[in-house]
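A.B. asks: As input, take target36.csv (CSV, C-alpha atoms):
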```csv
chain,number,residue,atom,x,y,z
A,1,MET,CA,104.5,7.5,12.9
A,2,VAL,CA,101.3,6.9,14.7
A,3,TRP,CA,99.4,5.3,11.9
A,4,ASN,CA,100.2,2.3,9.7
A,5,SER,CA,97.8,3.0,6.9
A,6,ALA,CA,95.0,5.4,5.8
A,7,SER,CA,92.3,3.1,7.0
A,8,ASP,CA,94.1,2.8,10.3
A,9,PHE,CA,94.0,6.6,10.5
A,10,PHE,CA,90.3,6.8,9.7
A,11,ALA,CA,89.4,4.1,12.1
A,12,MET,CA,91.0,6.1,15.0
A,13,GLY,CA,91.6,3.0,17.0
A,14,GLY,CA,87.9,2.2,16.9
A,15,TYR,CA,86.8,5.7,17.9
A,16,GLY,CA,86.3,7.0,14.3
A,17,LEU,CA,82.7,7.9,14.8
A,18,TYR,CA,83.4,10.0,17.9
A,19,VAL,CA,86.5,11.7,16.6
A,20,TRP,CA,85.2,12.4,13.1
A,21,GLY,CA,81.8,13.3,14.4
A,22,SER,CA,83.4,16.0,16.5
A,23,TYR,CA,85.8,17.3,13.9
A,24,GLY,CA,83.3,17.1,11.1
A,25,VAL,CA,80.7,19.3,12.7
A,26,THR,CA,83.3,21.7,14.0
A,27,ALA,CA,84.9,22.0,10.6
A,28,ALA,CA,81.6,22.4,8.8
A,29,TRP,CA,80.5,25.2,11.1
A,30,MET,CA,83.9,27.0,10.9
A,31,LEU,CA,83.6,27.0,7.1
A,32,LEU,CA,79.9,28.0,7.1
A,33,GLU,CA,80.1,30.8,9.6
A,34,PRO,CA,82.6,33.1,7.7
A,35,LEU,CA,80.4,32.7,4.6
A,36,LEU,CA,77.3,33.7,6.6
A,37,ALA,CA,79.1,36.7,8.1
A,38,ALA,CA,80.4,37.7,4.6
A,39,ARG,CA,76.9,37.4,3.2
A,40,ARG,CA,75.4,39.6,5.9
A,41,HIS,CA,78.1,42.2,5.2
A,42,GLY,CA,77.4,42.0,1.4
A,43,ALA,CA,73.7,42.5,2.1
A,44,ALA,CA,74.4,45.5,4.3
A,45,LEU,CA,76.5,47.1,1.6
A,46,GLN,CA,73.7,46.4,-0.9
A,47,ALA,CA,71.2,48.1,1.4
A,48,VAL,CA,73.4,51.2,1.5
A,49,ALA,CA,73.7,51.2,-2.3
A,50,ASP,CA,70.0,50.8,-2.7
A,51,MET,CA,69.3,53.6,-0.4
A,52,GLU,CA,71.6,55.9,-2.4
A,53,ASP,CA,69.8,55.0,-5.6
A,54,GLU,CA,66.5,55.9,-4.2
A,55,GLN,CA,67.8,59.2,-3.1
A,56,GLY,CA,69.2,59.7,-6.6
B,1,MET,CA,94.9,66.8,26.8
B,2,LYS,CA,95.5,67.1,23.1
B,3,LYS,CA,96.4,63.4,22.9
B,4,LEU,CA,93.3,62.1,24.5
B,5,PRO,CA,91.1,61.8,21.4
B,6,ARG,CA,93.6,59.4,19.8
B,7,LEU,CA,92.9,56.9,22.5
B,8,PHE,CA,89.3,56.7,21.2
B,9,THR,CA,90.2,56.6,17.5
B,10,PHE,CA,89.1,53.1,17.1
B,11,ALA,CA,85.9,53.8,19.0
B,12,ALA,CA,84.6,55.5,15.9
B,13,PRO,CA,82.7,53.1,13.8
B,14,LYS,CA,84.3,54.5,10.7
B,15,THR,CA,87.9,53.8,11.9
B,16,PHE,CA,87.0,50.4,13.3
B,17,TYR,CA,85.4,49.5,10.0
B,18,ARG,CA,88.6,50.2,8.2
B,19,LEU,CA,90.7,48.3,10.8
B,20,ALA,CA,88.4,45.3,10.5
B,21,THR,CA,88.5,45.4,6.7
B,22,VAL,CA,92.3,45.3,6.7
B,23,THR,CA,92.9,42.8,9.4
B,24,GLY,CA,90.2,40.3,8.5
B,25,PRO,CA,92.0,38.3,5.7
B,26,TRP,CA,95.2,38.2,7.9
B,27,LEU,CA,93.3,36.8,10.8
B,28,TYR,CA,91.7,34.1,8.7
B,29,ALA,CA,95.2,33.2,7.3
B,30,ILE,CA,96.6,33.0,10.8
B,31,ALA,CA,93.7,30.8,11.9
B,32,ALA,CA,94.2,28.5,8.9
B,33,ALA,CA,97.9,28.2,9.4
B,34,PHE,CA,97.7,27.4,13.1
B,35,ALA,CA,94.9,25.0,12.6
B,36,ILE,CA,96.9,23.0,10.0
B,37,TRP,CA,99.9,23.0,12.3
B,38,GLY,CA,97.9,22.1,15.3
B,39,LEU,CA,96.0,19.3,13.5
B,40,TYR,CA,99.3,17.9,12.1
B,41,VAL,CA,100.8,17.7,15.6
B,42,GLY,CA,97.5,16.4,17.1
B,43,PHE,CA,97.0,13.6,14.6
B,44,PHE,CA,100.5,12.7,13.4
B,45,VAL,CA,102.9,13.5,16.2
B,46,ALA,CA,100.9,13.1,19.5
B,47,PRO,CA,100.8,9.5,20.5
B,48,THR,CA,97.7,7.4,21.3
B,49,ASP,CA,96.6,7.9,24.9
B,50,ALA,CA,97.3,4.9,27.2
B,51,THR,CA,93.9,5.0,28.9
B,52,GLN,CA,91.5,6.7,26.4
B,53,GLY,CA,92.9,5.4,23.2
B,54,ASP,CA,92.5,7.8,20.2
B,55,SER,CA,89.2,9.2,21.5
B,56,TYR,CA,91.2,11.7,23.5
B,57,ARG,CA,92.1,13.5,20.2
B,58,ILE,CA,88.8,15.3,20.6
B,59,ILE,CA,90.5,17.4,23.2
B,60,PHE,CA,92.3,19.4,20.6
B,61,ILE,CA,89.0,21.1,19.6
B,62,HIS,CA,86.9,20.5,22.7
B,63,VAL,CA,89.0,22.4,25.2
B,64,PRO,CA,89.7,25.4,22.9
B,65,ALA,CA,86.0,25.6,22.0
B,66,ALA,CA,85.1,25.6,25.7
B,67,TRP,CA,87.6,28.2,26.5
B,68,MET,CA,86.4,30.4,23.6
B,69,SER,CA,82.8,30.0,24.8
B,70,MET,CA,83.7,31.5,28.2
B,71,VAL,CA,86.2,34.2,26.9
B,72,LEU,CA,83.7,35.4,24.3
B,73,TYR,CA,80.9,35.6,26.8
B,74,MET,CA,83.1,37.8,29.0
B,75,ALA,CA,84.0,39.9,26.0
B,76,MET,CA,80.4,40.2,25.0
B,77,ALA,CA,79.3,41.2,28.5
B,78,GLY,CA,82.2,43.6,28.9
B,79,TRP,CA,81.4,45.4,25.6
B,80,ALA,CA,77.7,45.4,26.3
B,81,ALA,CA,78.3,46.9,29.8
B,82,PHE,CA,80.7,49.5,28.4
B,83,GLY,CA,78.3,50.4,25.6
B,84,TRP,CA,75.6,51.0,28.2
B,85,ALA,CA,77.7,52.8,30.8
B,86,ALA,CA,79.7,55.0,28.5
B,87,ASN,CA,76.9,55.3,25.8
B,88,ALA,CA,79.4,54.0,23.3
B,89,ARG,CA,77.6,52.7,20.2
B,90,LEU,CA,80.4,50.7,18.8
B,91,ALA,CA,80.9,48.8,22.0
B,92,SER,CA,77.2,47.7,21.9
B,93,MET,CA,77.7,46.7,18.2
B,94,MET,CA,80.7,44.6,19.2
B,95,ALA,CA,78.6,42.8,21.8
B,96,ARG,CA,76.0,41.9,19.1
B,97,ALA,CA,78.7,40.8,16.7
B,98,ILE,CA,80.3,38.5,19.3
B,99,ALA,CA,77.1,36.7,20.4
B,100,PRO,CA,76.5,34.3,17.5
B,101,THR,CA,80.2,33.2,17.5
B,102,GLY,CA,80.1,32.7,21.2
B,103,ALA,CA,76.9,30.7,21.0
B,104,ALA,CA,78.5,28.6,18.2
B,105,PHE,CA,81.6,27.8,20.3
B,106,THR,CA,79.4,26.9,23.2
B,107,PHE,CA,77.4,24.5,21.0
B,108,LEU,CA,80.6,23.0,19.7
B,109,ALA,CA,82.0,22.5,23.2
B,110,LEU,CA,78.8,20.6,24.1
B,111,TRP,CA,78.8,18.7,20.9
B,112,THR,CA,82.4,17.5,21.0
B,113,GLY,CA,81.9,16.9,24.7
B,114,ALA,CA,79.0,14.6,23.9
B,115,PHE,CA,81.1,12.7,21.3
B,116,TRP,CA,83.8,12.3,23.9
B,117,GLY,CA,81.5,11.5,26.7
B,118,LYS,CA,79.9,8.6,24.9
B,119,PRO,CA,83.1,6.4,24.5
B,120,THR,CA,84.6,7.4,27.9
B,121,TRP,CA,81.6,7.6,30.2
B,122,GLY,CA,79.1,5.6,28.2
B,123,ALA,CA,76.7,8.5,28.0
B,124,TRP,CA,76.2,11.3,25.5
B,125,TRP,CA,74.9,13.6,28.2
B,126,VAL,CA,74.8,13.7,32.0
B,127,TRP,CA,73.3,16.4,34.3
B,128,ASP,CA,76.7,17.1,35.7
B,129,ALA,CA,77.6,20.6,37.0
B,130,ARG,CA,80.1,21.3,34.2
B,131,LEU,CA,77.8,20.2,31.4
B,132,THR,CA,74.7,21.8,32.9
B,133,SER,CA,76.4,25.2,33.5
B,134,GLU,CA,77.8,25.1,29.9
B,135,LEU,CA,74.3,24.4,28.6
B,136,ILE,CA,73.0,27.4,30.6
B,137,LEU,CA,75.8,29.5,28.9
B,138,LEU,CA,74.3,28.5,25.5
B,139,PHE,CA,70.8,29.6,26.7
B,140,LEU,CA,72.3,33.0,27.9
B,141,TYR,CA,73.8,33.6,24.4
B,142,LEU,CA,70.6,32.7,22.7
B,143,GLY,CA,68.6,34.8,25.2
B,144,PHE,CA,70.8,37.8,24.5
B,145,MET,CA,70.4,37.4,20.8
B,146,ALA,CA,66.7,37.0,21.0
B,147,LEU,CA,66.3,39.9,23.4
B,148,VAL,CA,68.2,42.5,21.3
B,149,GLU,CA,66.4,41.4,18.2
B,150,ALA,CA,63.0,41.7,19.8
B,151,ILE,CA,63.3,45.3,20.8
B,152,ASP,CA,62.9,47.8,17.9
B,153,ASP,CA,64.6,50.8,19.5
B,154,VAL,CA,68.3,49.8,19.0
B,155,ARG,CA,69.8,51.6,21.9
B,156,ARG,CA,67.0,50.3,24.3
B,157,ALA,CA,67.7,46.9,22.9
B,158,ASP,CA,71.4,47.3,23.6
B,159,HIS,CA,70.7,48.3,27.2
B,160,ALA,CA,68.3,45.4,27.8
B,161,GLY,CA,70.9,43.0,26.3
B,162,ALA,CA,73.6,44.5,28.5
B,163,LEU,CA,71.6,43.9,31.6
B,164,LEU,CA,71.0,40.2,30.6
B,165,ALA,CA,74.7,39.8,29.7
B,166,ILE,CA,76.0,41.2,32.9
B,167,VAL,CA,73.6,39.2,35.1
B,168,GLY,CA,74.5,36.1,33.1
B,169,ALA,CA,78.3,36.7,33.6
B,170,VAL,CA,78.0,35.1,37.0
B,171,ASN,CA,77.7,31.8,35.2
B,172,VAL,CA,81.2,31.9,33.7
B,173,PRO,CA,83.1,31.4,37.0
B,174,ILE,CA,80.6,28.7,37.9
B,175,ILE,CA,81.5,26.8,34.7
B,176,TYR,CA,85.2,27.2,35.3
B,177,PHE,CA,85.2,26.1,38.9
B,178,SER,CA,82.4,23.6,38.7
B,179,VAL,CA,84.9,20.7,38.4
B,180,ARG,CA,86.4,21.8,41.7
B,181,TRP,CA,83.3,22.8,43.6
B,182,TRP,CA,81.2,19.8,42.9
B,183,ASN,CA,81.9,16.1,42.4
B,184,THR,CA,81.6,16.0,38.7
B,185,LEU,CA,81.9,13.2,36.1
B,186,HIS,CA,83.7,15.7,34.0
B,187,GLN,CA,87.5,15.5,34.5
B,188,GLY,CA,89.4,18.4,36.2
B,189,SER,CA,91.3,21.1,34.4
B,190,SER,CA,93.8,20.0,31.8
B,191,ILE,CA,96.0,23.0,32.5
B,192,SER,CA,96.6,24.7,35.8
B,193,MET,CA,98.6,27.8,36.7
B,194,THR,CA,100.1,26.1,39.7
B,195,ALA,CA,100.9,22.5,38.5
B,196,ALA,CA,102.7,20.9,35.7
B,197,PRO,CA,100.5,19.9,32.8
B,198,LYS,CA,98.9,16.4,33.1
B,199,MET,CA,99.6,15.4,29.5
B,200,ALA,CA,102.4,14.8,27.1
B,201,HIS,CA,104.1,17.8,25.5
B,202,THR,CA,103.0,17.1,22.0
B,203,MET,CA,99.3,16.8,23.2
B,204,LEU,CA,99.6,20.1,25.0
B,205,LEU,CA,101.3,21.7,22.0
B,206,SER,CA,98.5,20.7,19.7
B,207,MET,CA,95.9,22.0,22.1
B,208,LEU,CA,97.6,25.3,22.4
B,209,LEU,CA,98.1,25.7,18.6
B,210,MET,CA,94.4,25.0,18.1
B,211,THR,CA,93.6,27.6,20.8
B,212,VAL,CA,95.6,30.2,18.8
B,213,ALA,CA,93.7,29.1,15.7
B,214,PHE,CA,90.3,29.5,17.4
B,215,TRP,CA,91.2,32.9,18.8
B,216,ALA,CA,92.3,34.2,15.3
B,217,TYR,CA,89.2,32.6,13.8
B,218,ALA,CA,86.9,34.2,16.4
B,219,PHE,CA,88.5,37.7,15.8
B,220,ALA,CA,88.2,37.3,12.0
B,221,VAL,CA,84.5,36.2,12.0
B,222,VAL,CA,83.5,38.7,14.7
B,223,PHE,CA,85.2,41.5,12.8
B,224,MET,CA,83.4,40.5,9.6
B,225,ARG,CA,80.0,40.4,11.4
B,226,ALA,CA,80.8,43.7,13.2
B,227,ARG,CA,81.4,45.3,9.8
B,228,ALA,CA,77.9,44.2,8.8
B,229,VAL,CA,76.4,45.5,12.0
B,230,VAL,CA,78.1,48.9,11.7
B,231,LEU,CA,76.8,49.3,8.1
B,232,GLU,CA,73.3,48.2,9.2
B,233,ARG,CA,73.2,50.7,12.0
B,234,GLU,CA,75.1,53.6,10.6
B,235,ILE,CA,73.4,53.5,7.2
B,236,GLY,CA,72.5,57.2,7.3
B,237,ALA,CA,76.1,58.3,8.0
B,238,ASP,CA,78.0,60.2,5.3
B,239,TRP,CA,81.0,57.9,5.4
B,240,VAL,CA,78.8,54.8,4.8
B,241,GLN,CA,77.1,56.5,1.9
B,242,ALA,CA,80.6,57.4,0.5
B,243,LEU,CA,81.6,53.8,0.9
B,244,ALA,CA,78.8,52.6,-1.3
B,245,ALA,CA,79.4,55.3,-3.8
B,246,LYS,CA,83.0,54.1,-4.2
B,247,LYS,CA,81.9,50.6,-5.1
```
Go through the file and emit its structure as structure tokens.

C.D. replies:
Amino acid sequence: MVWNSASDFFAMGGYGLYVWGSYGVTAAWMLLEPLLAARRHGAALQAVADMEDEQG
Amino acid sequence: MKKLPRLFTFAAPKTFYRLATVTGPWLYAIAAAFAIWGLYVGFFVAPTDATQGDSYRIIFIHVPAAWMSMVLYMAMAGWAAFGWAANARLASMMARAIAPTGAAFTFLALWTGAFWGKPTWGAWWVWDARLTSELILLFLYLGFMALVEAIDDVRRADHAGALLAIVGAVNVPIIYFSVRWWNTLHQGSSISMTAAPKMAHTMLLSMLLMTVAFWAYAFAVVFMRARAVVLEREIGADWVQALAAKK
């Protein structure tokens, strides 16, 4: 095992800021981007439906 | 000659849309599974580096993000060029769907690079050939996105975007070979086709697992965005209308 405790893990041998600063931003973006893409797809579907309603 | 049209089946926006709908969730699942596996190996199996301490663990996302930034640019430029040359609408739509994800990976490569550069070089940023050419890549992505959005006629916008993407493609080999051509602060390639890897097996394994995860993620999110682009641009088509009616 590489780490002795949880705080040891989060400290990352003194490089916590750099490691978690990298991983945090990457993870945040990779969770956000699929939501944004899904929302854009939902909006496009809605636009199609609205167009159909207008045409009756 | 009868078989020829089948080759182009997925070139039809309608067929592609279905393919992307079906494969999307699986691609996300693959990305998540490989990310969990890769992070487990990267944080709990791979040892602390003798010279860089634990700061080196940034490599598990830094290198895959940098690879994706270049691969996606080539894919974007390739689709844009094909869409222009063969007058293929779906190819141009793919180029547009790839751009934001490519720009994001470029940003992440720069961001994680800065967070790795600070503890190892003592600077968040240096005007080194590798870093500067990667920054230019980000501007190329942003330029492509701004250009295609700025022109109202979609096909003209596709053509203008294709031209920019093709001209900008020259930057990709410059990024890749920059560490060899110039004396850079950035370290050389971690992996080479001709030499043994310069790192421990577990470190390499984690990096490769994260690379698979990033690939699957990129496919998944690009497919989802491409579905949106297809609907936006094919809104008048019968099959799109039928799709909304089914809902």

A.B. asks: Please, which residues of chain A lie no more than 9 Å from chain B when the count uses only C-alpha atoms, and can they be set out as an NGL selection string?

C.D. replies: :A and (1-3 or 9 or 12-23 or 25-26 or 29-30 or 33-34 or 36-49 or 51-52)

A.B. asks: How would the residues just chosen look if you wrote them out with C-alpha atoms as a short mmCIF file (atom, residue, chain, number, x, y, z; two decimals), in the frame of the given file?

C.D. replies:
```cif
data_model
loop_
_atom_site.label_atom_id
_atom_site.label_comp_id
_atom_site.auth_asym_id
_atom_site.auth_seq_id
_atom_site.Cartn_x
_atom_site.Cartn_y
_atom_site.Cartn_z
CA MET A 1 104.50 7.50 12.90
CA VAL A 2 101.30 6.90 14.70
CA TRP A 3 99.40 5.30 11.90
CA PHE A 9 94.00 6.60 10.50
CA MET A 12 91.00 6.10 15.00
CA GLY A 13 91.60 3.00 17.00
CA GLY A 14 87.90 2.20 16.90
CA TYR A 15 86.80 5.70 17.90
CA GLY A 16 86.30 7.00 14.30
CA LEU A 17 82.70 7.90 14.80
CA TYR A 18 83.40 10.00 17.90
CA VAL A 19 86.50 11.70 16.60
CA TRP A 20 85.20 12.40 13.10
CA GLY A 21 81.80 13.30 14.40
CA SER A 22 83.40 16.00 16.50
CA TYR A 23 85.80 17.30 13.90
CA VAL A 25 80.70 19.30 12.70
CA THR A 26 83.30 21.70 14.00
CA TRP A 29 80.50 25.20 11.10
CA MET A 30 83.90 27.00 10.90
CA GLU A 33 80.10 30.80 9.60
CA PRO A 34 82.60 33.10 7.70
CA LEU A 36 77.30 33.70 6.60
CA ALA A 37 79.10 36.70 8.10
CA ALA A 38 80.40 37.70 4.60
CA ARG A 39 76.90 37.40 3.20
CA ARG A 40 75.40 39.60 5.90
CA HIS A 41 78.10 42.20 5.20
CA GLY A 42 77.40 42.00 1.40
CA ALA A 43 73.70 42.50 2.10
CA ALA A 44 74.40 45.50 4.30
CA LEU A 45 76.50 47.10 1.60
CA GLN A 46 73.70 46.40 -0.90
CA ALA A 47 71.20 48.10 1.40
CA VAL A 48 73.40 51.20 1.50
CA ALA A 49 73.70 51.20 -2.30
CA MET A 51 69.30 53.60 -0.40
CA GLU A 52 71.60 55.90 -2.40
#
```

A.B. asks: Please compute the CA of Arg96 (chain B)-CA of Asn171 (chain B) distance, one decimal, in Å.

C.D. replies: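 Those two atoms sit 19.1 Å apart.
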
A.B. asks: Using only C-alpha atoms, pick whichever of B:Leu205, B:Ile36, B:Val170, B:Met199 has the shortest atom-to-atom distance to Asp49 (chain B).

C.D. replies: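 Closest to Asp49 (chain B) of all the choices is B:Met199.
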
A.B. asks: What's the separation between CA of Phe144 (chain B) and CA of Ala99 (chain B), in Å to one decimal place?

C.D. replies: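 Taking CA of Phe144 (chain B) as the start and CA of Ala99 (chain B) as the end point, the length is 7.6 Å.
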
A.B. asks: One decimal, Å: what's the distance from CA of Ala11 (chain A) over to CA of Met207 (chain B), could you say?

C.D. replies: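 The value is 21.5 Å.
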
A.B. asks: Can you tell me which residues surround His186 (chain B) at a distance of at most 10 Å, considering all atoms listed in the file, apart from same-chain residues fewer than 3 positions away, and format the answer as an MDAnalysis selection string?

C.D. replies: chainID B and resid 113 117 121 126 128:131 178:179 183 189

A.B. asks: Any idea what's packed within 7 Å of Leu138 (chain B), counting only C-alpha atoms, ignoring anything in its chain fewer than 2 positions away? Could you give it as a list in words?

C.D. replies: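 Final neighbour list, sorted by chain and number: Ala103, Thr106, Phe107, Glu134, Leu135, Ile136, Leu140, Tyr141 and Leu142 of chain B.
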
A.B. asks: Would you mind telling me which residue in B:Ile151, B:Val71, B:Ser133, B:Ala50 lies nearest to Phe177 (chain B) when using all atoms listed in the file?

C.D. replies: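 When distances to Phe177 (chain B) are compared using all atoms listed in the file, the smallest one comes from B:Ser133.
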
A.B. asks: Could you check the closest approach to Ala160 (chain B) for each of B:Gly188, B:Gly24, B:Gly102, B:Gly83 and tell me which residue wins, using all atoms listed in the file?

C.D. replies: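 Smallest separation from Ala160 (chain B) among the options: B:Gly83.
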
A.B. asks: B:Tyr17, B:Tyr73, B:Phe34, B:Tyr40: which is nearest Leu164 (chain B), counting only C-alpha atoms?

C.D. replies: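 The shortest atom-to-atom distance to Leu164 (chain B) comes from B:Tyr73.
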
A.B. asks: Provide region 5-24 of chain A rebuilt to N, CA and C atoms, formatted as a short mmCIF file (atom, residue, chain, number, x, y, z; two decimals), in the coordinates of the input.

C.D. replies:
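What follows is the written file out-v7.cif:
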```cif
data_model
loop_
_atom_site.label_atom_id
_atom_site.label_comp_id
_atom_site.auth_asym_id
_atom_site.auth_seq_id
_atom_site.Cartn_x
_atom_site.Cartn_y
_atom_site.Cartn_z
N SER A 5 98.40 2.88 8.22
CA SER A 5 97.80 3.00 6.90
C SER A 5 96.67 4.08 7.00
N ALA A 6 96.12 4.42 5.82
CA ALA A 6 95.00 5.40 5.80
C ALA A 6 93.81 4.89 6.54
N SER A 7 93.50 3.61 6.34
CA SER A 7 92.30 3.10 7.00
C SER A 7 92.51 3.01 8.51
N ASP A 8 93.74 2.80 8.90
CA ASP A 8 94.10 2.80 10.30
C ASP A 8 93.83 4.21 10.88
N PHE A 9 94.20 5.21 10.08
CA PHE A 9 94.00 6.60 10.50
C PHE A 9 92.51 6.91 10.64
N PHE A 10 91.72 6.51 9.63
CA PHE A 10 90.30 6.80 9.70
C PHE A 10 89.54 6.05 10.76
N ALA A 11 90.07 4.89 11.10
CA ALA A 11 89.40 4.10 12.10
C ALA A 11 89.64 4.69 13.52
N MET A 12 90.71 5.46 13.70
CA MET A 12 91.00 6.10 15.00
C MET A 12 90.93 5.13 16.14
N GLY A 13 91.54 3.97 15.95
CA GLY A 13 91.60 3.00 17.00
C GLY A 13 90.19 2.56 17.49
N GLY A 14 89.22 2.58 16.56
CA GLY A 14 87.90 2.20 16.90
C GLY A 14 86.98 3.35 17.36
N TYR A 15 87.58 4.53 17.47
CA TYR A 15 86.80 5.70 17.90
C TYR A 15 86.49 6.65 16.75
N GLY A 16 86.54 6.13 15.52
CA GLY A 16 86.30 7.00 14.30
C GLY A 16 85.05 7.79 14.39
N LEU A 17 83.95 7.15 14.75
CA LEU A 17 82.70 7.90 14.80
C LEU A 17 82.74 9.07 15.72
N TYR A 18 83.36 8.89 16.87
CA TYR A 18 83.40 10.00 17.90
C TYR A 18 84.36 11.08 17.47
N VAL A 19 85.54 10.67 17.01
CA VAL A 19 86.50 11.70 16.60
C VAL A 19 86.05 12.46 15.40
N TRP A 20 85.63 11.72 14.33
CA TRP A 20 85.20 12.40 13.10
C TRP A 20 83.88 13.10 13.26
N GLY A 21 83.03 12.58 14.13
CA GLY A 21 81.80 13.30 14.40
C GLY A 21 81.99 14.60 15.07
N SER A 22 83.03 14.68 15.89
CA SER A 22 83.40 16.00 16.50
C SER A 22 84.03 16.92 15.55
N TYR A 23 85.05 16.40 14.84
CA TYR A 23 85.80 17.30 13.90
C TYR A 23 84.96 17.69 12.72
N GLY A 24 84.10 16.79 12.25
CA GLY A 24 83.30 17.10 11.10
C GLY A 24 82.36 18.27 11.32
#
```
